[in-house]
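J.: Sharing final-v2.tsv (TSV, C-alpha atoms and all ligand atoms) below.
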```tsv
chain	number	residue	atom	x	y	z
A	244	MET	CA	16.83	27.56	40.36
A	245	LYS	CA	20.06	28.25	38.53
A	246	ARG	CA	21.47	25.12	37.01
A	247	LYS	CA	24.96	24.06	38.05
A	248	LYS	CA	27.52	24.07	35.30
A	249	ASN	CA	29.98	21.33	34.39
A	250	VAL	CA	28.05	18.55	36.10
A	251	THR	CA	29.66	15.23	35.31
A	252	LEU	CA	27.77	11.98	34.83
A	253	GLY	CA	29.43	10.63	37.97
A	254	GLU	CA	28.16	13.56	40.03
A	255	PHE	CA	24.73	13.39	38.43
A	256	ILE	CA	24.39	9.71	39.32
A	257	ILE	CA	25.27	10.37	42.96
A	258	GLU	CA	22.99	13.40	43.23
A	259	ASN	CA	20.04	11.57	41.75
A	260	GLN	CA	20.54	8.26	43.49
A	261	SER	CA	18.07	8.96	46.28
A	262	SER	CA	15.33	9.74	43.77
A	263	PHE	CA	15.34	6.17	42.38
A	264	ALA	CA	12.54	4.05	43.64
A	265	TYR	CA	13.83	1.28	45.98
A	266	SER	CA	17.24	2.95	45.88
A	267	THR	CA	20.08	0.91	47.33
A	268	GLY	CA	22.85	2.31	45.18
A	269	GLU	CA	22.81	-0.82	43.03
A	270	LEU	CA	21.29	0.91	40.03
A	271	SER	CA	23.86	3.72	40.34
A	272	LYS	CA	26.66	1.15	40.25
A	273	LEU	CA	25.06	-0.44	37.24
A	274	ILE	CA	24.94	2.86	35.33
A	275	ASN	CA	28.56	3.42	36.34
A	276	ALA	CA	29.54	0.06	34.87
A	277	ILE	CA	27.81	0.99	31.62
A	278	ARG	CA	29.56	4.37	31.64
A	279	LEU	CA	32.93	2.64	31.94
A	280	ALA	CA	32.26	0.12	29.17
A	281	ALA	CA	30.97	2.95	26.97
A	282	LYS	CA	34.31	4.72	27.23
A	283	VAL	CA	36.24	1.58	26.34
A	284	VAL	CA	34.00	0.83	23.36
A	285	ASN	CA	34.14	4.48	22.30
A	286	HIS	CA	37.91	4.30	22.21
A	287	GLU	CA	37.77	1.23	20.01
A	288	VAL	CA	35.04	2.58	17.71
A	289	ASN	CA	37.04	5.76	17.17
A	290	LYS	CA	40.04	3.89	15.87
A	291	ALA	CA	38.07	1.42	13.79
A	292	GLY	CA	39.46	3.01	10.64
A	293	LEU	CA	43.03	2.81	11.84
A	294	VAL	CA	43.55	-0.71	13.00
A	295	ASP	CA	42.65	-3.95	11.39
A	296	ILE	CA	39.52	-4.38	13.38
A	297	ILE	CA	36.94	-3.69	10.72
A	298	GLY	CA	35.43	-6.52	8.77
A	299	ASP	CA	33.47	-9.59	9.63
A	300	VAL	CA	34.51	-12.04	12.27
A	301	GLY	CA	33.07	-14.72	10.08
A	302	GLU	CA	30.56	-15.97	12.59
A	303	THR	CA	26.83	-15.57	12.29
A	304	ASN	CA	24.84	-14.43	15.32
A	305	ILE	CA	21.42	-15.60	16.46
A	306	GLN	CA	19.76	-12.98	14.22
A	307	GLY	CA	21.36	-14.58	11.14
A	308	GLU	CA	23.63	-11.57	10.63
A	309	GLU	CA	27.36	-11.74	10.10
A	310	GLN	CA	28.98	-10.50	13.26
A	311	GLN	CA	31.44	-7.68	12.92
A	312	LYS	CA	34.54	-7.57	15.07
A	313	LEU	CA	33.34	-4.51	16.91
A	314	ASP	CA	30.00	-6.21	17.63
A	315	VAL	CA	31.89	-8.93	19.42
A	316	PHE	CA	34.26	-6.50	21.12
A	317	ALA	CA	31.42	-4.29	22.40
A	318	ASN	CA	29.45	-7.32	23.53
A	319	ASP	CA	32.43	-8.59	25.54
A	320	LYS	CA	33.19	-5.21	27.10
A	321	PHE	CA	29.68	-4.52	28.33
A	322	ILE	CA	29.25	-8.04	29.65
A	323	GLN	CA	32.67	-7.98	31.33
A	324	SER	CA	32.09	-4.61	32.93
A	325	LEU	CA	28.75	-5.68	34.39
A	326	LYS	CA	30.11	-9.07	35.46
A	327	ASN	CA	33.28	-7.74	37.10
A	328	ARG	CA	31.43	-5.38	39.34
A	329	GLU	CA	29.00	-8.09	40.42
A	330	ILE	CA	26.00	-5.84	40.21
A	331	VAL	CA	23.57	-7.76	38.06
A	332	CYS	CA	22.21	-11.30	38.19
A	333	GLY	CA	21.63	-11.76	34.48
A	334	ILE	CA	22.42	-10.34	31.05
A	335	ALA	CA	20.80	-10.94	27.68
A	336	SER	CA	22.37	-9.64	24.49
A	337	GLU	CA	21.36	-9.32	20.86
A	338	GLU	CA	24.63	-11.09	20.07
A	339	SER	CA	24.08	-14.20	22.22
A	340	GLU	CA	21.46	-16.86	21.78
A	341	GLU	CA	20.95	-17.55	25.49
A	342	PHE	CA	20.85	-15.22	28.45
A	343	ILE	CA	23.77	-15.27	30.89
A	344	SER	CA	23.22	-16.00	34.56
A	345	ILE	CA	25.72	-14.37	36.95
A	346	ASN	CA	26.13	-16.31	40.17
A	347	SER	CA	22.40	-16.02	40.46
A	348	ASN	CA	21.98	-19.38	42.18
A	349	ASP	CA	24.27	-18.30	45.00
A	350	GLU	CA	22.26	-17.06	47.97
A	351	ARG	CA	25.00	-14.55	48.74
A	352	ASN	CA	24.20	-12.89	45.43
A	353	GLN	CA	21.55	-10.36	46.33
A	354	ASN	CA	21.68	-8.53	43.00
A	355	LYS	CA	18.24	-7.94	41.69
A	356	TYR	CA	18.73	-6.41	38.24
A	357	VAL	CA	18.91	-7.95	34.79
A	358	VAL	CA	20.31	-6.05	31.82
A	359	LEU	CA	19.41	-6.47	28.15
A	360	ILE	CA	21.74	-5.00	25.60
A	361	ASP	CA	22.30	-4.27	21.92
A	362	PRO	CA	26.06	-3.79	22.24
A	363	LEU	CA	26.57	-2.30	18.80
A	364	ASP	CA	23.61	-0.88	16.96
A	365	GLY	CA	23.94	0.01	13.29
A	366	SER	CA	27.07	-2.09	12.96
A	367	SER	CA	26.92	-2.09	9.17
A	368	ASN	CA	27.84	1.61	9.42
A	369	ILE	CA	31.27	1.00	10.94
A	370	ASP	CA	33.11	0.32	7.72
A	371	VAL	CA	31.89	3.61	6.26
A	372	ASN	CA	32.61	5.86	9.25
A	373	VAL	CA	28.99	6.56	10.15
A	374	SER	CA	27.59	6.79	13.70
A	375	VAL	CA	26.81	3.63	15.63
A	376	GLY	CA	25.42	3.11	19.11
A	377	THR	CA	24.77	0.89	22.11
A	378	ILE	CA	21.33	0.35	23.65
A	379	PHE	CA	20.62	-0.94	27.16
A	380	SER	CA	17.59	-1.82	29.21
A	381	VAL	CA	17.30	-2.70	32.91
A	382	TYR	CA	14.63	-4.66	34.80
A	383	ARG	CA	14.21	-5.81	38.35
A	384	ARG	CA	14.13	-9.61	38.38
A	385	ILE	CA	10.80	-11.31	39.07
A	386	THR	CA	12.13	-14.49	40.64
A	387	PRO	CA	13.61	-14.31	44.18
A	388	VAL	CA	17.23	-13.23	44.72
A	389	GLY	CA	19.64	-16.08	45.38
A	390	THR	CA	17.84	-18.40	42.96
A	391	PRO	CA	18.85	-18.92	39.32
A	392	VAL	CA	17.51	-16.26	36.95
A	393	THR	CA	15.00	-17.62	34.47
A	394	LEU	CA	13.66	-16.59	31.07
A	395	GLU	CA	10.71	-15.05	32.92
A	396	ASP	CA	13.04	-12.41	34.40
A	397	PHE	CA	13.89	-11.22	30.88
A	398	LEU	CA	10.50	-11.56	29.20
A	399	GLN	CA	8.89	-8.64	30.99
A	400	PRO	CA	6.80	-5.97	29.29
A	401	GLY	CA	8.77	-2.78	28.61
A	402	LYS	CA	6.69	-0.82	31.10
A	403	ASN	CA	8.51	-2.72	33.87
A	404	GLN	CA	11.88	-1.19	32.91
A	405	VAL	CA	13.65	0.65	35.72
A	406	ALA	CA	16.26	2.22	33.45
A	407	ALA	CA	17.14	2.42	29.77
A	408	GLY	CA	19.48	4.35	27.60
A	409	TYR	CA	21.84	4.49	24.69
A	410	ILE	CA	25.28	5.63	23.76
A	411	VAL	CA	25.75	7.26	20.38
A	412	TYR	CA	29.29	7.17	19.01
A	413	GLY	CA	28.85	10.14	16.72
A	414	THR	CA	30.68	13.36	15.98
A	415	SER	CA	30.59	13.53	19.76
A	416	THR	CA	29.99	10.52	21.94
A	417	MET	CA	26.91	10.86	24.10
A	418	LEU	CA	25.28	8.76	26.78
A	419	VAL	CA	21.54	9.35	27.12
A	420	TYR	CA	19.49	7.57	29.77
A	421	THR	CA	16.42	7.52	31.94
A	422	THR	CA	15.56	5.97	35.28
A	423	GLY	CA	11.92	6.96	34.91
A	424	ALA	CA	12.32	10.61	35.88
A	425	GLY	CA	12.97	12.24	32.50
A	426	VAL	CA	15.79	11.83	30.02
A	427	ASN	CA	19.26	13.34	30.38
A	428	GLY	CA	22.11	13.41	27.89
A	429	PHE	CA	25.84	13.54	28.64
A	430	THR	CA	28.61	14.34	26.20
A	431	LEU	CA	32.04	12.77	26.47
A	432	ASN	CA	35.08	14.99	26.62
A	433	PRO	CA	37.48	12.49	25.04
A	434	ALA	CA	40.58	14.35	26.20
A	435	ILE	CA	39.89	13.56	29.85
A	436	GLY	CA	37.40	10.71	29.50
A	437	THR	CA	34.59	12.46	31.34
A	438	PHE	CA	30.90	12.66	30.43
A	439	TYR	CA	29.31	16.06	31.12
A	440	LEU	CA	25.63	16.83	31.44
A	441	SER	CA	25.02	18.62	28.13
A	442	HIS	CA	21.35	17.87	27.41
A	443	PRO	CA	19.31	18.05	30.64
A	444	ASP	CA	15.66	16.98	30.51
A	445	MET	CA	15.52	16.05	26.83
A	446	GLN	CA	12.10	16.29	25.19
A	447	PHE	CA	10.77	15.37	21.78
A	448	PRO	CA	9.25	18.46	20.19
A	449	GLU	CA	5.48	17.85	20.05
A	450	THR	CA	5.70	17.61	16.30
A	451	GLY	CA	8.42	17.79	13.66
A	452	THR	CA	9.21	17.72	9.97
A	453	ILE	CA	11.49	14.68	9.66
A	454	TYR	CA	10.46	11.15	8.74
A	455	SER	CA	12.93	8.25	8.90
A	456	VAL	CA	12.22	4.96	7.18
A	457	ASN	CA	14.01	2.63	4.80
A	458	GLU	CA	11.96	3.75	1.84
A	459	GLY	CA	13.69	1.29	-0.47
A	460	HIS	CA	11.31	-1.27	1.02
A	461	TYR	CA	8.24	0.84	0.19
A	462	ILE	CA	6.83	-1.71	-2.23
A	463	HIS	CA	6.63	-4.30	0.57
A	464	PHE	CA	4.99	-2.02	3.17
A	465	HIS	CA	1.37	-2.34	4.18
A	466	GLN	CA	-1.11	0.17	2.82
A	467	GLY	CA	-1.41	2.25	6.02
A	468	VAL	CA	2.34	2.91	6.08
A	469	LYS	CA	2.41	3.63	2.34
A	470	ASP	CA	-0.39	6.15	2.73
A	471	TYR	CA	1.38	7.83	5.65
A	472	ILE	CA	4.59	8.15	3.63
A	473	LYS	CA	2.60	9.75	0.81
A	474	TYR	CA	1.08	12.10	3.40
A	475	CYS	CA	4.61	13.07	4.56
A	476	GLN	CA	5.52	13.89	0.95
A	477	LYS	CA	2.41	15.91	0.11
A	478	GLU	CA	2.70	19.65	-0.45
A	479	GLU	CA	0.33	20.91	2.21
A	480	GLU	CA	0.68	22.87	5.48
A	481	ASP	CA	4.24	22.23	6.75
A	482	ARG	CA	4.80	19.36	4.33
A	483	PRO	CA	6.53	17.84	2.44
A	484	TYR	CA	8.65	16.64	5.35
A	485	THR	CA	12.36	15.97	5.14
A	486	ALA	CA	13.54	12.35	4.82
A	487	ARG	CA	16.51	11.36	7.01
A	488	TYR	CA	17.64	7.76	7.48
A	489	ILE	CA	21.04	6.83	8.84
A	490	GLY	CA	20.35	3.13	9.24
A	491	SER	CA	21.37	3.09	12.85
A	492	LEU	CA	18.35	3.29	15.15
A	493	VAL	CA	20.26	5.07	17.91
A	494	SER	CA	21.39	7.89	15.62
A	495	ASP	CA	18.05	8.25	13.87
A	496	PHE	CA	16.22	8.33	17.20
A	497	HIS	CA	18.69	10.79	18.71
A	498	ARG	CA	18.33	13.25	15.85
A	499	ASN	CA	14.55	12.99	15.87
A	500	MET	CA	14.36	13.54	19.63
A	501	ILE	CA	16.35	16.75	19.28
A	502	LYS	CA	14.82	18.09	16.07
A	503	GLY	CA	11.35	16.52	16.07
A	504	GLY	CA	10.50	13.60	13.83
A	505	ILE	CA	9.23	10.06	13.43
A	506	TYR	CA	11.20	6.82	12.95
A	507	MET	CA	9.51	3.82	11.36
A	508	TYR	CA	10.52	0.21	10.93
A	509	PRO	CA	7.29	-1.39	9.74
A	510	LYS	CA	6.51	-5.00	9.02
A	511	SER	CA	6.29	-5.77	5.33
A	512	SER	CA	5.15	-8.45	2.98
A	513	VAL	CA	8.58	-10.08	3.35
A	514	THR	CA	9.22	-9.53	7.08
A	515	GLU	CA	5.96	-10.05	8.91
A	516	GLU	CA	7.54	-9.21	12.28
A	517	GLY	CA	9.58	-6.26	11.08
A	518	LYS	CA	13.28	-6.27	11.86
A	519	LEU	CA	13.95	-4.58	15.18
A	520	ARG	CA	14.14	-6.57	18.39
A	521	LEU	CA	11.55	-5.83	21.03
A	522	LEU	CA	13.82	-6.44	24.01
A	523	TYR	CA	17.13	-4.95	22.90
A	524	GLU	CA	15.97	-2.07	20.70
A	525	CYS	CA	12.28	-1.17	20.83
A	526	ASN	CA	11.55	-1.34	24.57
A	527	PRO	CA	14.47	0.80	25.72
A	528	MET	CA	13.83	3.35	22.96
A	529	ALA	CA	10.10	3.36	23.77
A	530	PHE	CA	10.81	3.99	27.46
A	531	LEU	CA	13.13	6.88	26.57
A	532	ALA	CA	10.57	8.25	24.11
A	533	GLU	CA	7.73	8.25	26.62
A	534	GLN	CA	9.98	9.81	29.24
A	535	ALA	CA	10.79	12.54	26.70
A	536	ASN	CA	7.16	13.28	25.85
A	537	GLY	CA	7.20	11.18	22.69
A	538	LEU	CA	5.26	8.06	21.69
A	539	ALA	CA	6.20	4.54	20.61
A	540	ILE	CA	3.82	2.03	19.05
A	541	GLY	CA	4.20	-1.38	17.52
A	542	GLY	CA	1.41	-1.12	14.99
A	543	ARG	CA	-1.79	-1.13	16.94
A	544	SER	CA	-0.65	-0.62	20.48
A	545	ARG	CA	1.86	0.88	22.87
A	546	ILE	CA	5.22	-0.90	22.68
A	547	LEU	CA	5.71	-0.83	26.46
A	548	ASP	CA	2.55	-2.93	26.99
A	549	VAL	CA	3.64	-5.82	24.77
A	550	VAL	CA	4.29	-9.01	26.73
A	551	PRO	CA	7.33	-10.68	25.11
A	552	THR	CA	7.32	-14.37	24.34
A	553	GLU	CA	10.89	-14.80	23.07
A	554	LEU	CA	14.26	-13.29	23.87
A	555	HIS	CA	15.00	-12.33	20.27
A	556	GLN	CA	11.48	-11.38	19.25
A	557	ARG	CA	11.06	-8.82	16.47
A	558	ILE	CA	8.28	-6.26	16.20
A	559	PRO	CA	7.23	-3.37	13.92
A	560	PHE	CA	8.33	-0.09	15.51
A	561	PHE	CA	7.16	3.51	15.18
A	562	VAL	CA	8.58	6.11	17.51
A	563	GLY	CA	8.90	9.86	17.72
A	564	SER	CA	7.15	13.14	18.24
A	565	ARG	CA	3.74	12.64	19.78
A	566	LYS	CA	1.61	14.33	17.12
A	567	MET	CA	3.42	12.59	14.26
A	568	VAL	CA	2.96	9.14	15.80
A	569	GLU	CA	-0.71	9.90	16.45
A	570	LYS	CA	-1.17	10.90	12.82
A	571	LEU	CA	0.53	7.71	11.65
A	572	GLN	CA	-1.73	5.70	13.96
A	573	GLU	CA	-4.77	7.19	12.18
A	574	PHE	CA	-3.45	5.85	8.88
A	575	LEU	CA	-2.65	2.42	10.33
A	576	ASP	CA	-6.10	2.16	11.93
A	577	LYS	CA	-7.83	2.62	8.56
A	578	TYR	CA	-6.66	-0.82	7.48
A	579	HIS	CA	-7.40	-2.76	10.62
B	601	LIG	P1	22.08	-3.93	14.53
B	601	LIG	O1	23.27	-3.28	13.89
B	601	LIG	O2	22.13	-3.87	16.04
B	601	LIG	O3	21.81	-5.30	14.03
B	601	LIG	O4	20.79	-3.04	14.21
B	601	LIG	C1	20.54	-2.58	12.91
B	601	LIG	C2	19.13	-2.08	12.88
B	601	LIG	C3	18.91	-0.65	13.31
B	601	LIG	O5	19.94	-0.02	13.97
B	601	LIG	C4	18.63	0.10	12.04
B	601	LIG	O6	17.74	1.12	12.25
B	601	LIG	C5	18.10	-0.96	11.16
B	601	LIG	O7	18.69	-2.16	11.54
B	601	LIG	C6	18.40	-0.69	9.72
B	601	LIG	O8	17.85	-1.69	8.95
B	601	LIG	P2	17.76	-1.58	7.36
B	601	LIG	O9	19.14	-1.67	6.85
B	601	LIG	O10	16.90	-2.77	6.99
B	601	LIG	O11	17.07	-0.28	7.04
B	602	MN	MN	22.95	-7.00	14.67
B	603	MN	MN	20.49	-2.78	16.70
B	604	MN	MN	23.57	-4.76	17.32
```
Reformat the file's structure so that it appears as structure tokens.
Ligand code: AHG
Ligand code: MN
Ligand code: MN
Ligand code: MN
T.:
Amino acid sequence: MKRKKNVTLGEFIIENQSSFAYSTGELSKLINAIRLAAKVVNHEVNKAGLVDIIGDVGETNIQGEEQQKLDVFANDKFIQSLKNREIVCGIASEESEEFISINSNDERNQNKYVVLIDPLDGSSNIDVNVSVGTIFSVYRRITPVGTPVTLEDFLQPGKNQVAAGYIVYGTSTMLVYTTGAGVNGFTLNPAIGTFYLSHPDMQFPETGTIYSVNEGHYIHFHQGVKDYIKYCQKEEEDRPYTARYIGSLVSDFHRNMIKGGIYMYPKSSVTEEGKLRLLYECNPMAFLAEQANGLAIGGRSRILDVVPTELHQRIPFFVGSRKMVEKLQEFLDKYH
């Protein structure tokens, strides 16, 4: 079938609404709210170099990091957009210690979705004009509608996600998401504020030649990871691979999905849990990866099977082209 041209995200959402499981239009509205907030945040990110918005707010978030102004701005915008449209019953954010309940103890509130969000990913890149992102993850609540949301509604394994995606504020701004039927990417035309379907049915190449890891921490990595890095650098077959590390998960993942590659944030002798957050970063990226024919593991096992115990839990994370992740797994398994 010939593909239609100039499909906008708005049209795509409407056309695909009926294919969502349990579709009531609620998930479509939710994606629409994210689309709107993405445009507002995009506008602000784009002028970060112009106005006095860069720099630390001076507060420290739950992760012990200094919050940047845009972190706070993006957090507010996404929360506001989802709240205003009254389409979710709860939100958890990397930037807030506790989850937010939205009229969830009102029996008139029949909203069944909770959203987890990393409002600004790679925020240390803002000051130096390098790509940042937003990551989101959506679950159906476990507890009954009309009762207060509980921690249980947020601490679900990633395989329960009904939607996930990211926005990358790069040379172009793109919104990439899945509702469990493949991954589609939309590029923003900033002149008219419209996202167009530019990357239909995105797939990780089966294998690739890029590896992405903060190699400055090499000395602290466990032996399996060290050996795999040495393997990537060996002159043999299609190796040595190319090293690419932006320091913003969204951007590193996005590049690897298009070109073929592996992203690694391992645990180390100084950070036993790794750095990335299971709920706000790893699960949504893992869902996208699997939907795009890639793989995501947390050391020994599939990320999407991990049952979370804490909202801000961290976990080692390896994601990318299927064959590359499988090869890495072989190295990790040698030391278990
Ligand atoms: P955030 O800006 O949301 O706190 O996330 C930063 C994360 C992730 O985006 C990136 O891949 C990683 O931190 C980089 O960490 P290092 O600087 O330790 O390599
Ligand atoms: Mn942060
Ligand atoms: Mn992040
Ligand atoms: Mn963040």
J.: Go through chain A and flag each residue having an atom no more than 7 Å from ligand MN 602 (chain B); for those, report the closest pair of atoms plus their distance in Å to one decimal, using all atoms listed in the file, ordered by chain and rising number, as CSV.
T.:
```
residue,atom,partner,partner_atom,distance
A:Gln306,CA,B:MN602,MN,6.8
A:Glu308,CA,B:MN602,MN,6.1
A:Glu337,CA,B:MN602,MN,6.8
A:Glu338,CA,B:MN602,MN,7.0
A:Asp364,CA,B:MN602,MN,6.6
A:Ser366,CA,B:MN602,MN,6.6
```
J.: Give me the chain A side of the contact with ligand MN 604 (chain B), cut-off 6 Å, one line per residue showing its nearest atom pair and distance in Å at one decimal, counting only C-alpha atoms and all ligand atoms, sorted by chain and residue number, as a Markdown table.
T.:
```
| residue | atom | partner | partner_atom | distance |
| --- | --- | --- | --- | --- |
| A:Asp361 | CA | B:MN604 | MN | 4.8 |
| A:Pro362 | CA | B:MN604 | MN | 5.6 |
| A:Leu363 | CA | B:MN604 | MN | 4.2 |
| A:Asp364 | CA | B:MN604 | MN | 3.9 |
```
J.: Can I get the residues close to ligand MN 603 (chain B) as a ChimeraX atom specification, where close means within 10 Å and we count only C-alpha atoms and all ligand atoms?
T.: /A:337-338,360-367,375-378,490-493,518-520,523-525
J.: So that all listed atoms of ligand LIG 601 (chain B) fit with 6 Å spare on each side, what axis-aligned box centre and edge lengths in Å, to one decimal, would you give as lines of an AutoDock Vina configuration file?
T.:
```
center_x = 20.1
center_y = -2.1
center_z = 11.4
size_x = 18.4
size_y = 18.4
size_z = 21.2
```
J.: Of the residues A:Thr414, A:Asn259, A:Asn536, A:Ser336, which is the one nearest to Thr430 (chain A), using all atoms listed in the file?
T.: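 Nearest candidate to Thr430 (chain A) out of A:Thr414, A:Asn259, A:Asn536, A:Ser336: A:Thr414.
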J.: Would you mind telling me which residue in A:Leu547, A:Ile305, A:Ile322, A:Leu538 lies nearest to Met567 (chain A) when using all atoms listed in the file?
T.: A:Leu538
J.: Under the rule that only C-alpha atoms are counted, which of A:Gly268, A:Gly517, A:Gly292, A:Gly542 is the nearest residue to His463 (chain A)?
T.: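 Counting only C-alpha atoms, the residue closest to His463 (chain A) is A:Gly517.
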J.: Quick one: everything within 7 Å of region 554-556 of chain A, counting all atoms listed in the file, minus sequence neighbours fewer than 3 positions away in the same chain. Send it as a list in words.
T.: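 Here the answer would be Leu398, Arg520, Leu521 and Leu522 of chain A.
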J.: Point out the residue among A:Ser380, A:Asn457, A:Ser324, A:Asn427 with the least atom-to-atom distance to ligand LIG 601 (chain B), counting all atoms listed in the file.
T.: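 Checking each of A:Ser380, A:Asn457, A:Ser324, A:Asn427 against ligand LIG 601 (chain B), counting all atoms listed in the file, the winner is A:Asn457.
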J.: For ligand LIG 601 (chain B), which residue among A:Tyr409, A:Tyr578, A:Phe397, A:Tyr471 is the nearest when counting all atoms listed in the file?
T.: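 For ligand LIG 601 (chain B), the nearest of the candidates is A:Tyr409.
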J.: Using only C-alpha atoms and all ligand atoms, which of the listed residues (A:Lys469, A:His442, A:Lys510, A:Arg543) sits closest to ligand LIG 601 (chain B)?
T.: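 For ligand LIG 601 (chain B), the nearest of the given residues is A:Lys510.
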J.: Contacts of region 342-353 of chain A at 10 Å or less, counting all atoms listed in the file, minus same-chain residues fewer than 2 places along, as a ChimeraX atom specification?
T.: /A:322,325-326,329-337,339-340,355-359,387-394,397,554
J.: Could you work out how far CA of Asp495 (chain A) lies from CA of Gly408 (chain A), giving the answer in Å with one decimal?
T.: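 That distance, rounded to one decimal, is 14.3 Å.
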J.: Env of Pro483 (chain A): 12 Å cut, atoms = all atoms listed in the file, seq-sep filter 6 positions within chain, self excluded. Answer as a ChimeraX atom specification.
T.: /A:451-454,471-477
J.: Quick one: distance from atom C1 of ligand LIG 601 (chain B) to CA of Ser415 (chain A) in Å, one decimal?
T.: 20.2 Å
J.: When you look at Gly563 (chain A) with a cut-off of 8 Å (counting only C-alpha atoms), what residues show up, excluding the ones that are within fewer than 3 positions of it in the same chain? I need them as a ChimeraX atom specification.
T.: /A:447,496,499-500,503-506,532,537-539,567-568
J.: If I take CA of Glu478 (chain A) and atom O11 of ligand LIG 601 (chain B), how far is one from the other in Å, to one decimal?
T.: 25.7 Å
